[in-house]
Amino acid sequence: MEVERMRVHVGAQVLGVVNKKPDLGTLGLPEAGRVANDIFVALRRGGMDSIPIGSALIALMSSHSPDRESMPVLKLPEEYSTKRQVSRLIDFLVPSAEWKEAVPPKKWETVRQIEHFSITFMSHEGRQITTETIPGSCMFRLEALGMEIFANIIPVPSWLLSPASGKLRITELGMQDVSEVLARKIIRAGGNDMKDVQGIATLNNLPSLLVGKGHEILLGEVVRRTDENQEWLKQFKGKIMKVIAALSRAAHKEGKSEREHNIEFLLRIVSGKMKE
């Protein structure tokens with residue numbers, strides 16, 4: 001079903017969600033960096049301007065590969081990078097126009113995505129509908145580092161279908177840059193998201209990585225979510241303050257000035273003074 005037609009069902013009752021991401025397994029952050037780089041290079045050779053999202057981007061940025069062109073290089077503390085596990089499913093955003101002309105690498109095996117990621121809802125006409133959680137995305141199985149890896153290619157613009165209080169929600173997905181991916185990781189503020197923010201902020205200047213679109217999104221989302229739900233702000237502040245406390249305790253000689261700037265920046269976020 002086309003997403004434009006599906007929009008008329010926003011708010012419909014969600015009957016079930018299938019998410020088998022945990023079943024696909026994990027690999028270490030350094031290994032994920034090498035895998036993400038191989039996929040990134042394969043897509044670029046196919047003429048596609050792609051970017052991984054989530055923790056896969058951090059893995060790629062810290063891999064020190066020369067193939068990333070102008071992408072910033074991250075320095076990560078060993079105690080974080082050696083412990084951080086990343087999903088074997090790596091999501092890449094690709095412009096739809098480029099994907100239409102692309103030919104996936106021959107060694108990539110197509111996977112029936114709806115069996116791994118789907119959502120079922122009752123349409124307003126009383127019909128039960130099951131579809132992929134990201135209609136139009138393409139999932140592949142490949143071998144890398146002696147293990148099974150999954151690449152999920154998301155031609156954008158696209159849409160993420162998800163439940164919100166038991167009702168169907170549709171979120172538009174567009175092409176993102178590094179600053180936007182990192183800003184959205186801060187906003188989500190999940191357990192692994194905050195570990196990643198802390199890992200990055202220990203040795204790198206966080207505000208510089210969010211310059212431009214990332215800073216705007218961070219400010220806008222904090223304001224919007226605060227207006228909608230004061231309880232969200234309370235929880236968000238608590239998570240950010242834990243990151244600040246960890247950065248204050250960090251004993252690394254390297255990155256001291258960066259940590260000081262990051263603490264000041266994060267304090268401005270939770271105090272509502274980001275515009276200053």
# chains A, B, ... in the order shown; residues from 1 in each chain; ligands from 1
>>> residues_around(residues="Gly255 of chain A", least_positions_apart="3", cutoff="7 Å", atoms="only C-alpha atoms", output="list in words")
Thr202, Leu203, Asn204, His252, Glu258 and Arg259 of chain A
>>> residues_around(residues="segment 89-105 of chain A", least_positions_apart="6", cutoff="6 Å", atoms="only C-alpha atoms", output="PDB file with N, CA, C and O atoms, in the first residue's frame")
ATOM      1  N   MET A  48      25.838   6.316  -5.098  1.00  0.00           N
ATOM      2  CA  MET A  48      24.865   6.743  -4.088  1.00  0.00           C
ATOM      3  C   MET A  48      25.516   7.525  -2.960  1.00  0.00           C
ATOM      4  O   MET A  48      26.541   7.111  -2.413  1.00  0.00           O
ATOM      5  N   SER A  50      25.232   8.132   0.477  1.00  0.00           N
ATOM      6  CA  SER A  50      24.558   7.497   1.604  1.00  0.00           C
ATOM      7  C   SER A  50      25.142   7.945   2.936  1.00  0.00           C
ATOM      8  O   SER A  50      26.247   8.503   3.000  1.00  0.00           O
ATOM      9  N   ILE A  51      24.398   7.677   4.006  1.00  0.00           N
ATOM     10  CA  ILE A  51      24.895   7.916   5.359  1.00  0.00           C
ATOM     11  C   ILE A  51      24.247   6.911   6.294  1.00  0.00           C
ATOM     12  O   ILE A  51      23.043   6.673   6.229  1.00  0.00           O
ATOM     13  N   PRO A  52      25.056   6.255   7.156  1.00  0.00           N
ATOM     14  CA  PRO A  52      24.459   5.352   8.143  1.00  0.00           C
ATOM     15  C   PRO A  52      23.828   6.170   9.251  1.00  0.00           C
ATOM     16  O   PRO A  52      24.242   7.304   9.514  1.00  0.00           O
ATOM     17  N   ILE A  53      22.817   5.618   9.891  1.00  0.00           N
ATOM     18  CA  ILE A  53      22.176   6.341  10.986  1.00  0.00           C
ATOM     19  C   ILE A  53      22.319   5.533  12.267  1.00  0.00           C
ATOM     20  O   ILE A  53      22.628   4.348  12.245  1.00  0.00           O
ATOM     21  N   PHE A 150      23.537  -7.534   8.123  1.00  0.00           N
ATOM     22  CA  PHE A 150      22.354  -7.081   7.390  1.00  0.00           C
ATOM     23  C   PHE A 150      22.468  -5.585   7.109  1.00  0.00           C
ATOM     24  O   PHE A 150      22.758  -4.797   8.011  1.00  0.00           O
ATOM     25  N   ALA A 151      22.255  -5.229   5.860  1.00  0.00           N
ATOM     26  CA  ALA A 151      22.233  -3.823   5.463  1.00  0.00           C
ATOM     27  C   ALA A 151      20.809  -3.461   5.093  1.00  0.00           C
ATOM     28  O   ALA A 151      20.186  -4.136   4.265  1.00  0.00           O
ATOM     29  N   ASN A 152      20.286  -2.418   5.740  1.00  0.00           N
ATOM     30  CA  ASN A 152      18.941  -1.953   5.424  1.00  0.00           C
ATOM     31  C   ASN A 152      19.063  -0.612   4.712  1.00  0.00           C
ATOM     32  O   ASN A 152      19.492   0.376   5.317  1.00  0.00           O
ATOM     33  N   ILE A 153      18.733  -0.590   3.437  1.00  0.00           N
ATOM     34  CA  ILE A 153      18.846   0.624   2.632  1.00  0.00           C
ATOM     35  C   ILE A 153      17.483   1.313   2.608  1.00  0.00           C
ATOM     36  O   ILE A 153      16.478   0.717   2.200  1.00  0.00           O
ATOM     37  N   ILE A 154      17.458   2.575   3.051  1.00  0.00           N
ATOM     38  CA  ILE A 154      16.216   3.331   3.138  1.00  0.00           C
ATOM     39  C   ILE A 154      16.247   4.475   2.129  1.00  0.00           C
ATOM     40  O   ILE A 154      16.888   5.501   2.363  1.00  0.00           O
ATOM     41  N   PRO A 155      15.592   4.293   0.960  1.00  0.00           N
ATOM     42  CA  PRO A 155      15.523   5.405   0.000  1.00  0.00           C
ATOM     43  C   PRO A 155      14.611   6.500   0.558  1.00  0.00           C
ATOM     44  O   PRO A 155      13.467   6.220   0.921  1.00  0.00           O
ATOM     45  N   VAL A 156      15.121   7.697   0.630  1.00  0.00           N
ATOM     46  CA  VAL A 156      14.338   8.797   1.206  1.00  0.00           C
ATOM     47  C   VAL A 156      14.030   9.854   0.145  1.00  0.00           C
ATOM     48  O   VAL A 156      14.783  10.017  -0.817  1.00  0.00           O
TER      49      VAL A 156
END
>>> atom_distance(atom1="atom CA of Pro135 of chain A", atom2="atom CA of Pro163 of chain A")
15.0 Å
>>> atom_distance(atom1="atom CA of Leu15 of chain A", atom2="atom CA of Cys138 of chain A")
23.9 Å
>>> select_by_dssp(residues="segment 46-273 of chain A", states="strand (DSSP E)", output="number ranges by chain")
A: 51-52, 85-87, 89-95, 109-111, 117-122, 128-132, 138-144, 147-156, 158-164, 167-173
>>> residues_around(residues="Arg249 of chain A", least_positions_apart="2", cutoff="12 Å", atoms="only C-alpha atoms", output="ChimeraX atom specification")
/A:198,202,242-247,251-253,256,259-260,263
